[in-house]
Amino acid sequence: MEQMRVSRRFVLMSGVLAPVLPLGFSDQPDRVPREDILKRLAQNVWTSRVFRGISVEVVAARCGYTNEVQREIEKGKHEITLGQLERLANGLNTSAYHLLRRT
């Protein structure tokens, strides 16, 4: 088995030398996997929508999404940008924090 050689480069950021890691490596091993965040977002979006008695169609119209995209978000199958997260929070009359928080 061939051993991978990792070379470290450094970059000067704000007067401090910081290591540059190769693609695929992370110095944050405790990061939450993307799938977990999508599941949490999906559950919180669905709960917020149902709690407020709003239909998928109404939320989608408020956010400028199609009904299918809104359903995919609520199933955790559609990744969204921060801008879309903000629109979604506004469409549900809540905050982005509320949609991403752990319950």
# chains A, B, ... in the order shown; residues from 1 in each chain; ligands from 1
$ residues_around --residues "Arg34 (chain A)" --least-positions-apart "5" --cutoff "10 Å" --atoms "only C-alpha atoms" --output "ChimeraX atom specification"
/A:39-40,79
$ write_last_selection --atoms "N, CA and C atoms" --output "PDB file, in the first residue's frame"
ATOM      1  N   LYS A  39     -30.643  16.934   7.792  1.00  0.00           N
ATOM      2  CA  LYS A  39     -31.740  16.284   8.518  1.00  0.00           C
ATOM      3  C   LYS A  39     -32.324  17.219   9.572  1.00  0.00           C
ATOM      4  N   ARG A  40     -31.435  17.895  10.301  1.00  0.00           N
ATOM      5  CA  ARG A  40     -31.894  18.832  11.335  1.00  0.00           C
ATOM      6  C   ARG A  40     -32.681  19.972  10.710  1.00  0.00           C
ATOM      7  N   GLU A  79     -29.910  20.767  -0.768  1.00  0.00           N
ATOM      8  CA  GLU A  79     -29.008  21.689  -0.080  1.00  0.00           C
ATOM      9  C   GLU A  79     -29.382  23.115  -0.453  1.00  0.00           C
TER      10      GLU A  79
END
$ select_by_dssp --residues "region 25-93 of chain A" --states "alpha helix (DSSP H)" --output "number ranges by chain"
A: 34-52, 56-63, 67-75, 82-91
$ residues_around --residues "Ile37 (chain A)" --least-positions-apart "4" --cutoff "9 Å" --atoms "only C-alpha atoms" --output "list in words"
Val32, Pro33, Leu41, Ala42, Gly76 and Leu100 of chain A
$ write_last_selection --atoms "C-alpha atoms" --output "compact mmCIF listing (two decimals), in the first residue's frame"
# COMPACT_ATOMS: atom_id res chain seq x y z
CA VAL A 32 -20.92 17.86 11.98
CA PRO A 33 -21.48 15.82 8.80
CA LEU A 41 -32.87 21.61 8.93
CA ALA A 42 -35.52 19.40 7.32
CA GLY A 76 -33.41 16.71 3.74
CA LEU A 100 -30.61 25.08 12.29
$ closest_residue --among "A:Ser48, A:Ala96, A:Gly91, A:Arg101" --to "Cys63 (chain A)" --atoms "only C-alpha atoms"
A:Gly91
$ atom_distance --atom1 "CA of Glu35 (chain A)" --atom2 "CA of Leu82 (chain A)"
16.3 Å
$ closest_residue --among "A:Gly83, A:Lys77, A:Trp46, A:Thr94" --to "Gly64 (chain A)" --atoms "only C-alpha atoms"
A:Gly83
$ atom_distance --atom1 "CA of Arg71 (chain A)" --atom2 "CA of Val56 (chain A)"
7.1 Å
$ atom_distance --atom1 "CA of Arg62 (chain A)" --atom2 "CA of His78 (chain A)"
17.6 Å
$ closest_residue --among "A:Val45, A:Ile80, A:Leu92, A:Ile73" --to "Val58 (chain A)" --atoms "only C-alpha atoms"
A:Leu92
$ residues_around --residues "region 67-69 of chain A" --least-positions-apart "3" --cutoff "6 Å" --atoms "only C-alpha atoms" --output "ChimeraX atom specification"
/A:57,60,72
$ decode --residues "region 61-73 of chain A" --atoms "C-alpha atoms" --output "PDB file, in the first residue's frame"
ATOM      1  CA  ALA A  61     -44.666  30.825  -2.790  1.00  0.00           C
ATOM      2  CA  ARG A  62     -43.356  33.053   0.025  1.00  0.00           C
ATOM      3  CA  CYS A  63     -39.786  31.873  -0.591  1.00  0.00           C
ATOM      4  CA  GLY A  64     -39.910  31.811  -4.379  1.00  0.00           C
ATOM      5  CA  TYR A  65     -39.398  28.037  -4.587  1.00  0.00           C
ATOM      6  CA  THR A  66     -41.361  25.436  -6.455  1.00  0.00           C
ATOM      7  CA  ASN A  67     -43.472  23.092  -4.343  1.00  0.00           C
ATOM      8  CA  GLU A  68     -41.120  20.241  -5.240  1.00  0.00           C
ATOM      9  CA  VAL A  69     -38.046  22.110  -3.956  1.00  0.00           C
ATOM     10  CA  GLN A  70     -39.857  22.900  -0.705  1.00  0.00           C
ATOM     11  CA  ARG A  71     -40.766  19.227  -0.274  1.00  0.00           C
ATOM     12  CA  GLU A  72     -37.152  18.196  -0.951  1.00  0.00           C
ATOM     13  CA  ILE A  73     -35.920  20.670   1.683  1.00  0.00           C
TER      14      ILE A  73
END
